[in-house]
>>> print(open('target-v1.tsv').read())   # TSV, C-alpha atoms
chain	number	residue	atom	x	y	z
O	82	MET	CA	-33.05	-14.40	-4.88
O	83	LYS	CA	-35.50	-11.47	-4.90
O	84	PRO	CA	-38.34	-11.36	-2.28
O	85	PHE	CA	-41.06	-11.83	-4.93
O	86	GLN	CA	-39.23	-14.83	-6.38
O	87	ARG	CA	-38.91	-16.34	-2.89
O	88	GLN	CA	-42.65	-15.88	-2.32
O	89	GLU	CA	-43.45	-17.61	-5.59
O	90	GLU	CA	-41.09	-20.46	-4.74
O	91	THR	CA	-42.70	-20.87	-1.31
O	92	LEU	CA	-46.23	-20.96	-2.76
O	93	LYS	CA	-45.13	-23.31	-5.55
O	94	LYS	CA	-43.78	-25.90	-3.11
O	95	PHE	CA	-46.86	-25.71	-0.91
O	96	LEU	CA	-49.28	-26.10	-3.84
O	97	PHE	CA	-47.22	-28.99	-5.19
O	98	ASP	CA	-47.59	-30.90	-1.90
O	99	ALA	CA	-51.31	-30.13	-1.76
O	100	ALA	CA	-51.88	-31.22	-5.38
O	101	LYS	CA	-50.00	-34.45	-4.77
O	102	ILE	CA	-52.28	-35.41	-1.88
O	103	VAL	CA	-55.42	-34.52	-3.87
O	104	LEU	CA	-54.24	-36.66	-6.80
O	105	TYR	CA	-53.62	-39.61	-4.49
O	106	VAL	CA	-57.20	-39.33	-3.20
O	107	VAL	CA	-58.58	-39.10	-6.75
O	108	LEU	CA	-56.51	-42.14	-7.74
O	109	VAL	CA	-57.86	-44.24	-4.86
O	110	VAL	CA	-61.47	-43.23	-5.63
O	111	SER	CA	-60.97	-44.05	-9.33
O	112	ILE	CA	-59.58	-47.49	-8.54
O	113	ILE	CA	-62.55	-48.19	-6.26
O	114	GLY	CA	-64.92	-47.18	-9.05
O	115	ILE	CA	-63.12	-49.41	-11.58
O	116	LEU	CA	-63.38	-52.39	-9.24
O	117	GLY	CA	-67.16	-51.92	-9.12
O	118	ILE	CA	-67.41	-51.42	-5.38
O	119	PRO	CA	-70.61	-49.49	-4.45
O	120	MET	CA	-69.68	-45.89	-3.73
O	121	ALA	CA	-72.39	-45.50	-1.07
O	122	SER	CA	-70.72	-48.17	1.06
O	123	ILE	CA	-67.32	-46.65	0.46
O	124	VAL	CA	-68.54	-43.19	1.45
O	125	ALA	CA	-70.02	-44.56	4.69
O	126	VAL	CA	-66.80	-46.40	5.53
O	127	LEU	CA	-64.70	-43.35	4.68
O	128	ALA	CA	-66.90	-41.11	6.82
O	129	SER	CA	-66.52	-43.40	9.82
O	130	ALA	CA	-62.81	-43.85	9.21
O	131	GLY	CA	-62.39	-40.13	8.66
O	132	LEU	CA	-63.98	-39.35	12.02
O	133	ALA	CA	-61.72	-41.82	13.81
O	134	VAL	CA	-58.61	-40.65	11.98
O	135	GLY	CA	-59.54	-37.04	12.59
O	136	MET	CA	-59.73	-37.63	16.34
O	137	ALA	CA	-56.39	-39.44	16.30
O	138	LEU	CA	-54.67	-36.85	14.13
O	139	GLN	CA	-55.82	-33.64	15.74
O	140	GLY	CA	-52.24	-32.36	15.90
O	141	SER	CA	-51.61	-33.09	12.22
O	142	LEU	CA	-54.88	-31.44	11.20
O	143	ALA	CA	-53.90	-28.39	13.26
O	144	ASN	CA	-50.59	-28.34	11.41
O	145	LEU	CA	-52.43	-28.56	8.08
O	146	ALA	CA	-54.68	-25.66	9.06
O	147	GLY	CA	-51.59	-23.78	10.23
O	148	GLY	CA	-49.89	-24.38	6.89
O	149	ILE	CA	-52.89	-22.96	5.06
O	150	MET	CA	-52.89	-19.90	7.33
O	151	LEU	CA	-49.18	-19.37	6.70
O	152	MET	CA	-49.81	-19.44	2.97
O	153	ILE	CA	-52.68	-16.95	3.25
O	154	PHE	CA	-51.06	-14.38	5.55
O	155	ARG	CA	-47.40	-15.11	4.65
O	156	PRO	CA	-45.62	-13.89	7.80
O	157	PHE	CA	-42.44	-15.31	6.26
O	158	LYS	CA	-41.23	-17.02	3.10
O	159	VAL	CA	-38.42	-19.31	2.00
O	160	GLY	CA	-35.09	-17.55	2.52
O	161	ASP	CA	-36.23	-15.39	5.47
O	162	PHE	CA	-34.43	-15.55	8.82
O	163	ILE	CA	-37.12	-16.02	11.49
O	164	SER	CA	-37.41	-16.60	15.22
O	165	ASP	CA	-40.37	-17.99	17.16
O	166	GLY	CA	-38.81	-17.31	20.56
O	167	ALA	CA	-37.45	-20.83	20.96
O	168	HIS	CA	-35.77	-21.39	17.59
O	169	ASP	CA	-34.26	-19.15	14.97
O	170	GLY	CA	-32.89	-19.84	11.51
O	171	THR	CA	-33.31	-19.45	7.77
O	172	VAL	CA	-36.50	-20.90	6.26
O	173	LYS	CA	-35.57	-23.67	3.84
O	174	LYS	CA	-38.95	-25.26	3.11
O	175	ILE	CA	-42.64	-24.80	3.98
O	176	THR	CA	-44.68	-27.97	3.54
O	177	MET	CA	-48.35	-28.58	4.30
O	178	PHE	CA	-47.62	-29.74	7.85
O	179	TYR	CA	-44.14	-28.54	8.80
O	180	THR	CA	-41.67	-25.72	8.19
O	181	VAL	CA	-37.98	-26.56	7.96
O	182	ILE	CA	-35.35	-24.02	9.05
O	183	ALA	CA	-31.56	-24.08	9.17
O	184	THR	CA	-29.91	-22.49	12.20
O	185	ALA	CA	-26.83	-20.26	12.05
O	186	ASP	CA	-24.64	-23.30	12.86
O	187	ASN	CA	-26.33	-25.26	10.03
O	188	LEU	CA	-28.59	-27.48	12.13
O	189	GLN	CA	-31.92	-28.46	10.59
O	190	ILE	CA	-35.03	-27.92	12.72
O	191	THR	CA	-38.53	-29.01	11.71
O	192	LEU	CA	-41.27	-26.84	13.21
O	193	PRO	CA	-45.00	-27.73	13.20
O	194	ASN	CA	-47.08	-25.24	11.23
O	195	GLY	CA	-49.82	-25.28	13.86
O	196	ALA	CA	-47.45	-23.89	16.48
O	197	LEU	CA	-45.94	-21.36	14.07
O	198	ALA	CA	-49.35	-20.07	13.01
O	199	ASN	CA	-50.13	-19.25	16.67
O	200	ALA	CA	-46.68	-17.98	17.66
O	201	ALA	CA	-45.26	-14.46	17.64
O	202	ILE	CA	-42.89	-14.73	14.69
O	203	LYS	CA	-39.95	-12.34	14.39
O	204	ASN	CA	-39.00	-11.99	10.72
O	205	LEU	CA	-35.55	-10.43	10.48
O	206	ASN	CA	-35.74	-10.05	6.69
O	207	ALA	CA	-39.17	-8.45	6.46
O	208	ASN	CA	-37.69	-4.93	6.09
O	209	ASP	CA	-34.91	-3.84	3.76
O	210	ILE	CA	-32.75	-2.25	6.47
O	211	ARG	CA	-32.01	-3.08	10.11
O	212	ARG	CA	-30.49	-1.30	13.10
O	213	LEU	CA	-27.65	-2.46	15.33
O	214	ASP	CA	-26.89	-0.96	18.76
O	215	ILE	CA	-23.48	-1.59	20.34
O	216	ASP	CA	-23.14	-0.68	24.02
O	217	VAL	CA	-19.80	-0.10	25.77
O	218	THR	CA	-19.41	0.87	29.43
O	219	LEU	CA	-16.28	2.87	30.34
O	220	SER	CA	-14.75	4.61	33.33
O	221	PRO	CA	-16.44	7.81	34.56
O	222	ALA	CA	-13.22	9.63	33.72
O	223	ALA	CA	-13.58	8.85	29.99
O	224	ASP	CA	-13.85	11.88	27.70
O	225	LYS	CA	-17.41	11.58	26.43
O	226	GLU	CA	-16.94	13.69	23.31
O	227	LYS	CA	-13.77	11.79	22.36
O	228	VAL	CA	-15.42	8.39	22.84
O	229	CYS	CA	-18.47	9.39	20.76
O	230	ALA	CA	-16.19	10.65	17.99
O	231	LEU	CA	-14.22	7.39	18.00
O	232	LEU	CA	-17.39	5.31	17.81
O	233	LEU	CA	-18.68	7.35	14.87
O	234	ASP	CA	-15.32	6.90	13.13
O	235	CYS	CA	-15.75	3.12	13.47
O	236	ALA	CA	-19.19	3.35	11.86
O	237	LYS	CA	-18.01	5.60	9.02
O	238	ALA	CA	-15.08	3.26	8.27
O	239	ASN	CA	-17.45	0.35	7.68
O	240	THR	CA	-18.63	0.54	4.06
O	241	LEU	CA	-21.75	-1.55	4.82
O	242	VAL	CA	-23.08	0.98	7.32
O	243	LEU	CA	-25.62	3.35	5.78
O	244	GLN	CA	-25.15	7.09	6.07
O	245	ASP	CA	-28.88	7.69	5.71
O	246	PRO	CA	-30.13	7.18	8.40
O	247	ALA	CA	-26.84	8.47	9.79
O	248	PRO	CA	-24.96	6.62	12.58
O	249	GLU	CA	-25.43	7.97	16.11
O	250	ALA	CA	-23.31	7.90	19.25
O	251	LEU	CA	-25.32	8.36	22.46
O	252	VAL	CA	-24.46	8.39	26.16
O	253	THR	CA	-26.50	6.86	28.99
O	254	VAL	CA	-25.68	5.94	32.60
O	255	THR	CA	-25.86	2.49	34.22
O	256	GLU	CA	-27.41	1.84	37.64
O	257	GLY	CA	-23.88	1.85	39.06
O	258	GLY	CA	-23.25	5.35	37.74
O	259	LEU	CA	-20.92	4.29	34.91
O	260	PRO	CA	-21.31	5.96	31.50
O	261	THR	CA	-22.54	3.64	28.73
O	262	PHE	CA	-21.88	4.67	25.15
O	263	LYS	CA	-24.28	3.43	22.48
O	264	LEU	CA	-23.28	3.24	18.82
O	265	ARG	CA	-26.43	3.05	16.67
O	266	THR	CA	-26.08	2.12	12.99
O	267	TRP	CA	-28.33	1.16	10.07
O	268	PHE	CA	-27.52	-1.24	7.23
O	269	ASN	CA	-29.09	-3.62	4.70
O	270	SER	CA	-30.76	-6.59	6.41
O	271	GLY	CA	-28.68	-9.15	4.53
O	272	ASP	CA	-25.46	-7.63	5.94
O	273	TYR	CA	-26.40	-8.10	9.62
O	274	TRP	CA	-23.76	-10.62	10.71
O	275	THR	CA	-20.97	-8.99	8.70
O	276	VAL	CA	-21.73	-5.61	10.26
O	277	TYR	CA	-22.25	-7.11	13.71
O	278	PHE	CA	-18.86	-8.81	13.93
O	279	GLY	CA	-17.04	-6.10	11.99
O	280	LEU	CA	-18.26	-3.23	14.14
O	281	ASN	CA	-17.72	-5.05	17.43
O	282	GLU	CA	-14.13	-5.84	16.46
O	283	ALA	CA	-13.49	-2.30	15.25
O	284	VAL	CA	-14.90	-0.75	18.45
O	285	GLN	CA	-12.84	-3.07	20.66
O	286	LYS	CA	-9.60	-2.31	18.79
O	287	THR	CA	-10.27	1.43	18.73
O	288	LEU	CA	-10.97	1.65	22.45
O	289	THR	CA	-7.90	-0.42	23.28
O	290	ALA	CA	-5.65	1.66	20.98
O	291	ASN	CA	-6.85	4.83	22.72
O	292	GLU	CA	-6.36	3.32	26.19
O	293	LEU	CA	-10.08	3.22	26.92
O	294	PRO	CA	-10.63	-0.28	28.36
O	295	LEU	CA	-14.13	-1.46	29.17
O	296	ALA	CA	-15.22	-0.81	32.75
O	297	HIS	CA	-15.81	-3.67	35.17
O	298	GLN	CA	-18.45	-3.57	37.85
O	299	GLN	CA	-16.99	-3.80	41.36
O	300	VAL	CA	-18.84	-5.38	44.23
O	301	ASP	CA	-17.65	-4.94	47.83
O	302	LEU	CA	-18.74	-7.72	50.19
O	303	HIS	CA	-18.68	-7.11	53.96
O	304	THR	CA	-19.35	-9.90	56.45
O	305	ASP	CA	-19.85	-9.84	60.21
O	306	LYS	CA	-17.79	-12.10	62.41
>>> encode(input="target-v1.tsv", output="structure tokens")
Amino acid sequence: MKPFQRQEETLKKFLFDAAKIVLYVVLVVSIIGILGIPMASIVAVLASAGLAVGMALQGSLANLAGGIMLMIFRPFKVGDFISDGAHDGTVKKITMFYTVIATADNLQITLPNGALANAAIKNLNANDIRRLDIDVTLSPAADKEKVCALLLDCAKANTLVLQDPAPEALVTVTEGGLPTFKLRTWFNSGDYWTVYFGLNEAVQKTLTANELPLAHQQVDLHTDK
């Protein structure tokens, strides 16, 4: 589904829920009018009841306001993969009070809109392309040019990896003095997990085939008698 279509679907569901509530209110008011009950008395009762209900439902009203803010600013839409720091998953539904997401292992989580509207939301589908960095730490004796060439070969062999921006192989050093090689690649956002697992497997197999096992940190412990 295209991004614009997902936005329209999100707005359609939200407006449908809002219209349904408004129609219920209109129906109740119409029934009261048909029964001949004085509207002034009803308005006074509703005002008092509304104040009491409002105090009791502060959280729900905050969620309603949050839902409206999400519809106005649209930090995400149905179909986006989001993270609020505590939960992450694909947005399945945005209602007036809650947003429903499905996690990577297909668990359903219902998040209050009030909390989402005030949270720092990470939208992993907001941009068309994403970057993946794979870090491997090897022995200091490893041939840096050879390792970088092998990592770039892994990236070029993956058809989902974009060549513009081009893949990069960089070298840094850990606090323990071990060289860390970083493979940096770009790809379409929807291909993240396929590229993630595919590249990690390819890098592991390539390093093993070339007798370049990952380095292990060594800690020497000395104790006094």
>>> atom_distance(input="target-v1.tsv", atom1="CA of Asp234 (chain O)", atom2="CA of Lys286 (chain O)")
12.2 Å
>>> closest_residue(input="target-v1.tsv", among="O:Asn291, O:Ala167, O:Val106, O:Leu251", to="Glu226 (chain O)", atoms="all atoms listed in the file")
O:Leu251
>>> atom_distance(input="target-v1.tsv", atom1="CA of Asn208 (chain O)", atom2="CA of Asn269 (chain O)")
8.8 Å
>>> closest_residue(input="target-v1.tsv", among="O:Phe178, O:Trp267, O:Phe154, O:Phe262", to="Ala230 (chain O)", atoms="only C-alpha atoms")
O:Phe262
>>> residues_around(input="target-v1.tsv", residues="Tyr273 (chain O)", least_positions_apart="3", cutoff="12 Å", atoms="all atoms listed in the file", output="list in words")
Phe162, Leu205, Asn206, Asp209, Ile210, Arg211, Arg212, Leu213, Asp214, Leu241, Val242, Thr266, Trp267, Phe268, Asn269, Ser270, Val276, Tyr277, Phe278, Gly279 and Leu280 of chain O
>>> atom_distance(input="target-v1.tsv", atom1="CA of Asn204 (chain O)", atom2="CA of Leu142 (chain O)")
25.1 Å
>>> residues_around(input="target-v1.tsv", residues="Asp98 (chain O)", least_positions_apart="5", cutoff="12 Å", atoms="all atoms listed in the file", output="ChimeraX atom specification")
/O:91-93,103-105,145,148-149,174-179
>>> closest_residue(input="target-v1.tsv", among="O:Val109, O:Gly170, O:Thr275, O:Ala200", to="Gly147 (chain O)", atoms="all atoms listed in the file")
O:Ala200
>>> closest_residue(input="target-v1.tsv", among="O:Ala207, O:Gln244, O:Ala99, O:Gln189", to="Arg155 (chain O)", atoms="all atoms listed in the file")
O:Ala207
>>> closest_residue(input="target-v1.tsv", among="O:Gly160, O:Gly166, O:Pro260, O:Pro193", to="Asp224 (chain O)", atoms="only C-alpha atoms")
O:Pro260
>>> residues_around(input="target-v1.tsv", residues="Asp169 (chain O)", least_positions_apart="6", cutoff="9 Å", atoms="all atoms listed in the file", output="PyMOL selection string")
chain O and resi 162-163+182-185+203
>>> closest_residue(input="target-v1.tsv", among="O:Glu256, O:Asp272, O:Glu249, O:Asp216", to="Ala236 (chain O)", atoms="only C-alpha atoms")
O:Glu249
>>> axis_aligned_box(input="target-v1.tsv", around="region 177-186 of chain O", padding_each_side="5 Å", output="AutoDock Vina command-line options")
--center_x -36.5 --center_y -25.0 --center_z 8.6 --size_x 33.7 --size_y 19.5 --size_z 18.6
>>> build_atoms(input="target-v1.tsv", residues="region 155-177 of chain O", atoms="N, CA, C and O atoms", output="PDB file, in the coordinates of the input")
ATOM      1  N   ARG O 155     -48.820 -15.198   5.011  1.00  0.00           N
ATOM      2  CA  ARG O 155     -47.400 -15.110   4.650  1.00  0.00           C
ATOM      3  C   ARG O 155     -46.574 -14.247   5.615  1.00  0.00           C
ATOM      4  O   ARG O 155     -46.021 -13.222   5.228  1.00  0.00           O
ATOM      5  N   PRO O 156     -46.485 -14.635   6.885  1.00  0.00           N
ATOM      6  CA  PRO O 156     -45.620 -13.890   7.800  1.00  0.00           C
ATOM      7  C   PRO O 156     -44.144 -14.066   7.473  1.00  0.00           C
ATOM      8  O   PRO O 156     -43.313 -13.264   7.910  1.00  0.00           O
ATOM      9  N   PHE O 157     -43.816 -15.101   6.710  1.00  0.00           N
ATOM     10  CA  PHE O 157     -42.440 -15.310   6.260  1.00  0.00           C
ATOM     11  C   PHE O 157     -42.477 -16.150   4.995  1.00  0.00           C
ATOM     12  O   PHE O 157     -43.516 -16.701   4.629  1.00  0.00           O
ATOM     13  N   LYS O 158     -41.344 -16.253   4.331  1.00  0.00           N
ATOM     14  CA  LYS O 158     -41.230 -17.020   3.100  1.00  0.00           C
ATOM     15  C   LYS O 158     -39.884 -17.731   3.083  1.00  0.00           C
ATOM     16  O   LYS O 158     -39.030 -17.490   3.964  1.00  0.00           O
ATOM     17  N   VAL O 159     -39.687 -18.602   2.126  1.00  0.00           N
ATOM     18  CA  VAL O 159     -38.420 -19.310   2.000  1.00  0.00           C
ATOM     19  C   VAL O 159     -37.295 -18.296   1.799  1.00  0.00           C
ATOM     20  O   VAL O 159     -37.394 -17.382   0.990  1.00  0.00           O
ATOM     21  N   GLY O 160     -36.226 -18.463   2.586  1.00  0.00           N
ATOM     22  CA  GLY O 160     -35.090 -17.550   2.520  1.00  0.00           C
ATOM     23  C   GLY O 160     -35.068 -16.528   3.628  1.00  0.00           C
ATOM     24  O   GLY O 160     -34.027 -15.902   3.877  1.00  0.00           O
ATOM     25  N   ASP O 161     -36.193 -16.344   4.364  1.00  0.00           N
ATOM     26  CA  ASP O 161     -36.230 -15.390   5.470  1.00  0.00           C
ATOM     27  C   ASP O 161     -35.575 -15.990   6.715  1.00  0.00           C
ATOM     28  O   ASP O 161     -35.638 -17.198   6.946  1.00  0.00           O
ATOM     29  N   PHE O 162     -34.982 -15.128   7.527  1.00  0.00           N
ATOM     30  CA  PHE O 162     -34.430 -15.550   8.820  1.00  0.00           C
ATOM     31  C   PHE O 162     -35.467 -15.202   9.883  1.00  0.00           C
ATOM     32  O   PHE O 162     -35.791 -14.034  10.088  1.00  0.00           O
ATOM     33  N   ILE O 163     -36.011 -16.228  10.552  1.00  0.00           N
ATOM     34  CA  ILE O 163     -37.120 -16.020  11.490  1.00  0.00           C
ATOM     35  C   ILE O 163     -36.759 -16.538  12.877  1.00  0.00           C
ATOM     36  O   ILE O 163     -35.808 -17.315  13.053  1.00  0.00           O
ATOM     37  N   SER O 164     -37.543 -16.104  13.854  1.00  0.00           N
ATOM     38  CA  SER O 164     -37.410 -16.600  15.220  1.00  0.00           C
ATOM     39  C   SER O 164     -38.796 -16.686  15.835  1.00  0.00           C
ATOM     40  O   SER O 164     -39.611 -15.758  15.712  1.00  0.00           O
ATOM     41  N   ASP O 165     -39.083 -17.832  16.485  1.00  0.00           N
ATOM     42  CA  ASP O 165     -40.370 -17.990  17.160  1.00  0.00           C
ATOM     43  C   ASP O 165     -40.229 -17.902  18.667  1.00  0.00           C
ATOM     44  O   ASP O 165     -41.143 -18.250  19.416  1.00  0.00           O
ATOM     45  N   GLY O 166     -39.066 -17.432  19.130  1.00  0.00           N
ATOM     46  CA  GLY O 166     -38.810 -17.310  20.560  1.00  0.00           C
ATOM     47  C   GLY O 166     -38.001 -18.463  21.100  1.00  0.00           C
ATOM     48  O   GLY O 166     -37.198 -18.288  22.019  1.00  0.00           O
ATOM     49  N   ALA O 167     -38.196 -19.652  20.516  1.00  0.00           N
ATOM     50  CA  ALA O 167     -37.450 -20.830  20.960  1.00  0.00           C
ATOM     51  C   ALA O 167     -36.406 -21.258  19.932  1.00  0.00           C
ATOM     52  O   ALA O 167     -35.384 -21.843  20.284  1.00  0.00           O
ATOM     53  N   HIS O 168     -36.683 -20.999  18.666  1.00  0.00           N
ATOM     54  CA  HIS O 168     -35.770 -21.390  17.590  1.00  0.00           C
ATOM     55  C   HIS O 168     -35.611 -20.229  16.624  1.00  0.00           C
ATOM     56  O   HIS O 168     -36.524 -19.430  16.446  1.00  0.00           O
ATOM     57  N   ASP O 169     -34.454 -20.150  16.003  1.00  0.00           N
ATOM     58  CA  ASP O 169     -34.260 -19.150  14.970  1.00  0.00           C
ATOM     59  C   ASP O 169     -33.370 -19.723  13.869  1.00  0.00           C
ATOM     60  O   ASP O 169     -32.476 -20.512  14.129  1.00  0.00           O
ATOM     61  N   GLY O 170     -33.658 -19.338  12.630  1.00  0.00           N
ATOM     62  CA  GLY O 170     -32.890 -19.840  11.510  1.00  0.00           C
ATOM     63  C   GLY O 170     -33.499 -19.390  10.189  1.00  0.00           C
ATOM     64  O   GLY O 170     -34.524 -18.691  10.150  1.00  0.00           O
ATOM     65  N   THR O 171     -32.870 -19.805   9.113  1.00  0.00           N
ATOM     66  CA  THR O 171     -33.310 -19.450   7.770  1.00  0.00           C
ATOM     67  C   THR O 171     -34.319 -20.479   7.258  1.00  0.00           C
ATOM     68  O   THR O 171     -34.074 -21.684   7.348  1.00  0.00           O
ATOM     69  N   VAL O 172     -35.454 -20.005   6.762  1.00  0.00           N
ATOM     70  CA  VAL O 172     -36.500 -20.900   6.260  1.00  0.00           C
ATOM     71  C   VAL O 172     -36.023 -21.577   4.983  1.00  0.00           C
ATOM     72  O   VAL O 172     -35.663 -20.916   4.017  1.00  0.00           O
ATOM     73  N   LYS O 173     -36.001 -22.898   4.998  1.00  0.00           N
ATOM     74  CA  LYS O 173     -35.570 -23.670   3.840  1.00  0.00           C
ATOM     75  C   LYS O 173     -36.754 -24.257   3.063  1.00  0.00           C
ATOM     76  O   LYS O 173     -36.692 -24.399   1.850  1.00  0.00           O
ATOM     77  N   LYS O 174     -37.815 -24.614   3.774  1.00  0.00           N
ATOM     78  CA  LYS O 174     -38.950 -25.260   3.110  1.00  0.00           C
ATOM     79  C   LYS O 174     -40.195 -25.108   3.961  1.00  0.00           C
ATOM     80  O   LYS O 174     -40.140 -25.206   5.193  1.00  0.00           O
ATOM     81  N   ILE O 175     -41.340 -24.854   3.302  1.00  0.00           N
ATOM     82  CA  ILE O 175     -42.640 -24.800   3.980  1.00  0.00           C
ATOM     83  C   ILE O 175     -43.526 -25.839   3.325  1.00  0.00           C
ATOM     84  O   ILE O 175     -43.936 -25.690   2.172  1.00  0.00           O
ATOM     85  N   THR O 176     -43.817 -26.910   4.052  1.00  0.00           N
ATOM     86  CA  THR O 176     -44.680 -27.970   3.540  1.00  0.00           C
ATOM     87  C   THR O 176     -46.089 -27.772   4.106  1.00  0.00           C
ATOM     88  O   THR O 176     -46.358 -26.800   4.821  1.00  0.00           O
ATOM     89  N   MET O 177     -46.984 -28.704   3.823  1.00  0.00           N
ATOM     90  CA  MET O 177     -48.350 -28.580   4.300  1.00  0.00           C
ATOM     91  C   MET O 177     -48.449 -28.707   5.815  1.00  0.00           C
ATOM     92  O   MET O 177     -49.334 -28.119   6.432  1.00  0.00           O
TER      93      MET O 177
END
